[in-house]
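Engineer: Got a structure here, written out as structure tokens. Questions coming.
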Amino acid sequence: MKILVCIKQVPDSEGAISISNSGKGTEFEGTYRMNHFDEFALEEALRIREKMPVETIDAVSVGPARVESTVRKALEMGASRGIHIFTDGAKHIPPLETATRIASFAGEESYDIILAGVMAEDDMQSLVGPMIAEILGYPSASSVICEDIDQEKGTLYAEREIESGMRECLEMKLPALLTIQSGINRPRYPALSHVLRARTQEITMLAAHPGEKPETREEIVTLRYPEATTKGLFLEGDKKEKARELIDILHEKSII
Amino acid sequence: MSDMIKKKQIVVIAEHRQGNMTPVTGETLSLARELGSLLDLETIIIILGKSMENQASQIAGMTGMDVIGIEGEGVELYNCEAYLAALTGPLEALDPHYIVLPHTAMGYDLAPRLAVRLRASSITAVEHLSHKGESATFLRSQWNGKIILEVAPLTERTVVTVLPGSWPELDENPEKPGQVTIIPFNTLTGHSKTTGIKEAGRTEFDLTKADVIVAAGRGLGKEENLPVIYELSGIFPKSAVGASRAGCDAGWFDYGQQIGITGKTVSPNLYIACGISGSTQHIAGMKGSRMVVAINTDPAASIFGIADYCIVEDLTTFIPCLLEEYEIFSRLHQDSE
């Protein structure tokens, strides 16, 4: 059984994000880290390995030089191998390009299961995972909250989270791709032995093939900050004054 | 089907549960209507299921739009592979400019694959429409609502998903019903099968019936701070405690308490958001609340964009202070009665 986990490096939400002068890109001051949803995906892969023989858990990420630290984090958590598909420059990579590059790598390696987070915290598009499955012709399920693999039969059972607190149950043939919903598990802190091993472990660097770059299908017209709505009233004063004012308001509205 | 093709169209993939079109499909139809009047395009609805004649006619009557029902055993329940197989042919034949789906568990599962298969651009979780010259542009949130992105497709075809709560449900009184076409679908893909739908687990809290909801998120900081949330909820009759996804992921709340796209949609008289930044996913689940109070340390938090009353404070110190003041208030109030 071979597992691939797709991970994305995202800006940490503690940092400061602003729109660049061109109005078409963002500037970020702060640190980068692994997308939380991908941590759940990687943790799920590690748990599968605890239950059954797994030949390898590979972690792959697409992006510029800084992405290496996130691939290394995956090794620290317990991935067997880290793969960095290197793209030049800091420009935003369209989801279809990321998906095409990962699919091109994954197709050669014949993974049984490909996992990804349900979305990236920064762009929140939920596109890359299912796109990889479509390119490879694998069945896929997104927002998966539990799964059970039958290695002998080459099948898996998955439950995906849908609206109103319900779950959809699926049976799929391997190879398959799942995007993992948060809360499926508790991602572990890296064990010291893994951290030490990861420090010196080599990361497989692959150059992004220029010929594989798909045509750009969407154009960013502009980025803007949400309009400051004049609707809301900011309560003034110290804690006590704000608390009193809120109570007056709730009383006026006959809520208390 | 050829006589139905008048001009390049908008196709809406409808979602239904227990024989009824979901409300968010009605919202999706409103986007289609707006897009259609902007670009002078017709909307066709496609709905898939085991036996669609009745439901398709009902929708055609309700909306005045043409409806295609694709029916067969394999699409009785939503399944990504089966839907893709059933939709590809009809969509290639219709060759619409836009394919629009609700941004739900169905929409975000299907849209990316549909876009790749149909060589279309894909824009997900759209909240507003605009235009640049004669073409439509789509607005969506990024970075937890801190930035709004306006995107224009560069392709002939575009797949769009619509964020729940962004448009009102379509409310039409058509003079005549749309035309209904039924297409049988009998192919089975065999690689994936939806076997059923089940309840996620116990939900003790009937959030959808509460008059007041106190909800907490990451800003709660640690489990030890939980009691203040329940104490605050306790001062209101018919109240319940809810949470953001982050609050549930942290293990502080049951997933049955989650409000947002994958959780519950609520519209209480009063919603108090405590330490919730206000991601689009969360806001989509509570924006129907009649009054919103937000407590957050970050004055730039997007929850303040939709709150009626904004309090820039740390909830862990503010709520105890609020409870104290409430004590004083209720004593005074009792005395004066």
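Starting from 1 in every chain, residues are counted up; chains themselves are A, B, ... following the order of the structure tokens, and ligands are numbered from 1 as listed.
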Per DSSP on the backbone, what are the strand (DSSP E) residues of segment 26-269 of chain B, as a PyMOL selection string?

Structural biologist: chain B and resi 42-49+66-71+98-102+121-132+135-142+147-153+158-162+180-184+192-199+212-216+239-243

Engineer: Please provide the set of residues having any atom within 7 Å of segment 197-205 of chain A, restricted to only C-alpha atoms, with same-chain residues fewer than 6 positions apart removed, written as a count of residues only.

Structural biologist: 8

Engineer: Select all residues from chain A having any atom no more than 6 Å from an atom of chain B (counting only C-alpha atoms, ignoring ligands), output as a CSV table (one decimal) with N, CA and C atoms, in the first residue's frame.

Structural biologist:
```
chain,number,residue,atom,x,y,z
A,122,ASP,N,-6.1,29.5,3.3
A,122,ASP,CA,-5.9,30.9,2.7
A,122,ASP,C,-6.9,31.1,1.5
A,123,ASP,N,-6.9,30.3,0.5
A,123,ASP,CA,-7.7,30.5,-0.6
A,123,ASP,C,-9.1,29.9,-0.5
A,125,GLN,N,-10.7,27.3,-1.6
A,125,GLN,CA,-11.4,27.0,-2.8
A,125,GLN,C,-11.8,25.5,-2.9
A,127,LEU,N,-10.5,23.0,-4.4
A,127,LEU,CA,-10.4,22.5,-5.8
A,127,LEU,C,-9.3,21.5,-6.1
A,130,PRO,N,-10.0,17.1,-5.6
A,130,PRO,CA,-10.8,16.5,-6.6
A,130,PRO,C,-10.3,16.6,-8.1
A,131,MET,N,-9.6,17.8,-8.3
A,131,MET,CA,-9.0,18.0,-9.7
A,131,MET,C,-7.9,16.9,-10.0
A,134,GLU,N,-9.6,13.7,-10.9
A,134,GLU,CA,-10.2,13.8,-12.2
A,134,GLU,C,-9.1,13.5,-13.3
A,142,SER,N,-14.9,14.1,-1.1
A,142,SER,CA,-14.4,15.2,-0.4
A,142,SER,C,-15.1,15.3,1.0
A,162,ILE,N,-21.9,15.9,5.1
A,162,ILE,CA,-22.8,16.8,4.3
A,162,ILE,C,-23.6,17.7,5.2
A,163,GLU,N,-24.6,18.4,4.6
A,163,GLU,CA,-25.3,19.4,5.4
A,163,GLU,C,-26.2,18.8,6.5
A,164,SER,N,-26.6,19.7,7.4
A,164,SER,CA,-27.5,19.4,8.5
A,164,SER,C,-27.1,18.2,9.4
A,165,GLY,N,-25.8,18.1,9.6
A,165,GLY,CA,-25.3,17.1,10.5
A,165,GLY,C,-25.4,15.7,10.0
A,166,MET,N,-25.5,15.5,8.7
A,166,MET,CA,-25.7,14.2,8.1
A,166,MET,C,-24.4,13.7,7.4
A,167,ARG,N,-24.3,12.4,7.2
A,167,ARG,CA,-23.1,11.9,6.5
A,167,ARG,C,-23.5,11.0,5.3
A,168,GLU,N,-22.8,11.1,4.3
A,168,GLU,CA,-23.0,10.3,3.1
A,168,GLU,C,-22.0,9.1,3.2
A,169,CYS,N,-22.5,7.9,2.9
A,169,CYS,CA,-21.6,6.7,3.0
A,169,CYS,C,-21.3,6.2,1.6
A,170,LEU,N,-20.0,5.9,1.4
A,170,LEU,CA,-19.6,5.5,0.1
A,170,LEU,C,-18.7,4.2,0.1
A,171,GLU,N,-18.7,3.5,-0.9
A,171,GLU,CA,-17.8,2.4,-1.1
A,171,GLU,C,-17.0,2.7,-2.4
A,172,MET,N,-15.7,2.6,-2.3
A,172,MET,CA,-14.9,3.0,-3.5
A,172,MET,C,-13.8,1.9,-3.8
A,173,LYS,N,-13.4,1.9,-5.0
A,173,LYS,CA,-12.4,1.0,-5.4
A,173,LYS,C,-11.0,1.8,-5.4
A,183,GLY,N,-11.2,17.5,12.2
A,183,GLY,CA,-11.9,16.8,13.3
A,183,GLY,C,-11.9,15.3,13.1
A,217,ARG,N,-7.0,29.7,-16.7
A,217,ARG,CA,-8.4,29.8,-17.0
A,217,ARG,C,-9.1,30.9,-16.3
A,218,GLU,N,-8.5,31.4,-15.2
A,218,GLU,CA,-9.2,32.5,-14.5
A,218,GLU,C,-8.2,33.7,-14.4
A,219,GLU,N,-8.8,34.9,-14.4
A,219,GLU,CA,-7.9,36.1,-14.2
A,219,GLU,C,-8.4,36.8,-13.0
A,220,ILE,N,-7.4,37.2,-12.2
A,220,ILE,CA,-7.8,38.1,-11.0
A,220,ILE,C,-8.0,39.5,-11.5
A,221,VAL,N,-9.2,40.0,-11.4
A,221,VAL,CA,-9.6,41.3,-11.8
A,221,VAL,C,-9.0,42.3,-10.8
A,222,THR,N,-9.4,42.1,-9.5
A,222,THR,CA,-8.9,42.9,-8.5
A,222,THR,C,-9.1,42.3,-7.1
A,223,LEU,N,-8.3,42.7,-6.2
A,223,LEU,CA,-8.5,42.3,-4.8
A,223,LEU,C,-8.9,43.5,-4.0
A,224,ARG,N,-9.7,43.4,-3.1
A,224,ARG,CA,-10.1,44.5,-2.2
A,224,ARG,C,-10.4,44.1,-0.8
A,225,TYR,N,-10.4,45.0,0.1
A,225,TYR,CA,-10.8,44.7,1.4
A,225,TYR,C,-12.3,44.8,1.5
A,226,PRO,N,-12.9,44.0,2.4
A,226,PRO,CA,-14.4,44.1,2.4
A,226,PRO,C,-14.8,45.5,2.9
A,229,THR,N,-18.7,47.9,6.9
A,229,THR,CA,-20.1,48.1,6.9
A,229,THR,C,-20.4,49.1,8.1
A,232,GLY,N,-22.7,48.0,11.9
A,232,GLY,CA,-22.4,47.6,13.3
A,232,GLY,C,-22.0,48.9,14.1
A,233,LEU,N,-22.4,48.8,15.4
A,233,LEU,CA,-22.0,49.9,16.3
A,233,LEU,C,-20.9,49.3,17.2
A,234,PHE,N,-19.7,50.0,17.2
A,234,PHE,CA,-18.7,49.6,18.2
A,234,PHE,C,-19.0,50.2,19.5
A,235,LEU,N,-19.1,49.4,20.6
A,235,LEU,CA,-19.4,50.0,21.9
A,235,LEU,C,-18.1,50.6,22.4
A,243,ALA,N,-20.1,46.6,29.0
A,243,ALA,CA,-21.0,45.5,29.5
A,243,ALA,C,-22.4,46.2,29.8
```

Engineer: Could you tell me how far atom CA of Glu50 of chain A lies from atom CA of Glu121 of chain A, in Å and to one decimal?

Structural biologist: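 We find that atom CA of Glu50 of chain A and atom CA of Glu121 of chain A lie 27.9 Å from each other.
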
Engineer: Run DSSP on the backbone and grab whatever in segment 43-169 of chain B lands in helix (DSSP H, G or I); send it over as a PyMOL selection string.

Structural biologist: chain B and resi 53-63+73-75+80-94+107-117+143-145

Engineer: Using only C-alpha atoms, which of A:Ala103, A:Leu250, A:Ala79, A:Leu196 sits nearest Arg49 of chain A?

Structural biologist: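 With only C-alpha atoms as the atom set, the closest residue is A:Ala79.
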
Engineer: Pick from A:Glu43, A:Asp88, A:Glu27, A:Glu68: nearest to Pro210 of chain A, with only C-alpha atoms counted?

Structural biologist: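 The closest residue to Pro210 of chain A is A:Asp88.
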
Engineer: If we count only C-alpha atoms and set the cut-off at 12 Å, which residues sit around Asp112 of chain A, ignoring sequence neighbours fewer than 4 positions away in its own chain? Please answer as a ChimeraX atom specification.

Structural biologist: /A:1-5,45,54-58,106-108,133,136,138-139,149-151,154-156,172-178

Engineer: Could those residues be written to a file, using C-alpha atoms, as a tab-separated table (two decimals), in the first residue's frame?

Structural biologist:
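Contents of again-v3.tsv, freshly written:
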```tsv
chain	number	residue	atom	x	y	z
A	1	MET	CA	0.00	0.00	0.00
A	2	LYS	CA	1.40	3.36	-1.05
A	3	ILE	CA	-0.08	6.60	0.24
A	4	LEU	CA	0.46	10.12	-1.02
A	5	VAL	CA	-0.51	13.13	1.08
A	45	ALA	CA	-2.26	8.47	6.66
A	54	VAL	CA	2.02	0.54	4.33
A	55	GLU	CA	5.04	0.63	2.08
A	56	THR	CA	5.40	4.40	2.05
A	57	ILE	CA	3.68	7.63	3.05
A	58	ASP	CA	4.92	10.32	0.72
A	106	ALA	CA	1.52	10.72	-8.67
A	107	GLY	CA	0.54	8.96	-11.90
A	108	GLU	CA	4.07	7.62	-12.28
A	133	ALA	CA	-8.58	12.64	-8.99
A	136	LEU	CA	-5.86	10.58	-12.84
A	138	TYR	CA	-9.58	7.94	-9.73
A	139	PRO	CA	-12.83	7.96	-7.76
A	149	ILE	CA	-9.69	0.36	4.03
A	150	ASP	CA	-10.01	-3.27	2.97
A	151	GLN	CA	-6.56	-3.98	1.61
A	154	GLY	CA	-8.76	-3.23	-2.71
A	155	THR	CA	-11.73	-1.17	-1.57
A	156	LEU	CA	-12.44	1.52	0.93
A	172	MET	CA	-14.90	3.00	-3.50
A	173	LYS	CA	-12.35	0.97	-5.40
A	174	LEU	CA	-8.68	1.73	-4.94
A	175	PRO	CA	-6.83	3.70	-6.13
A	176	ALA	CA	-8.90	6.57	-4.75
A	177	LEU	CA	-8.51	10.12	-3.55
A	178	LEU	CA	-10.03	11.50	-0.36
```

Engineer: Which residues are near Glu215 of chain A? Cut-off 9 Å, only C-alpha atoms, ignore same chain within fewer than 2 positions. Put them as a ChimeraX atom specification.

Structural biologist: /A:96-97,213,217

Engineer: Output N, CA and C atoms for every residue in the selection just made, as a compact mmCIF listing (two decimals), in the first residue's frame.

Structural biologist:
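Dumped everything to part-v2.txt:
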```txt
# COMPACT_ATOMS: atom_id res chain seq x y z
N LEU A 96 -5.50 24.50 -10.80
CA LEU A 96 -5.37 23.51 -11.86
C LEU A 96 -3.90 23.19 -12.13
N GLU A 97 -3.04 24.21 -11.99
CA GLU A 97 -1.60 23.96 -12.20
C GLU A 97 -1.06 23.06 -11.08
N LYS A 213 2.56 23.05 -17.70
CA LYS A 213 1.76 24.14 -17.14
C LYS A 213 0.48 24.32 -17.95
N ARG A 217 -6.97 29.72 -16.66
CA ARG A 217 -8.38 29.77 -17.00
C ARG A 217 -9.15 30.88 -16.28
```

Engineer: Would you kindly return, as a ChimeraX atom specification, each protein, DNA or RNA residue with an atom no farther than 8 Å from any atom of segment 60-74 of chain B, considering only C-alpha atoms and excluding same-chain residues fewer than 6 positions away?

Structural biologist: /B:43-53,82,86,170-188

Engineer: In Å, rounded to a single decimal, give me how far atom CA of Ile255 of chain A is from atom CA of Trp252 of chain B.

Structural biologist: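 Separation between atom CA of Trp252 of chain B and atom CA of Ile255 of chain A: 27.2 Å.
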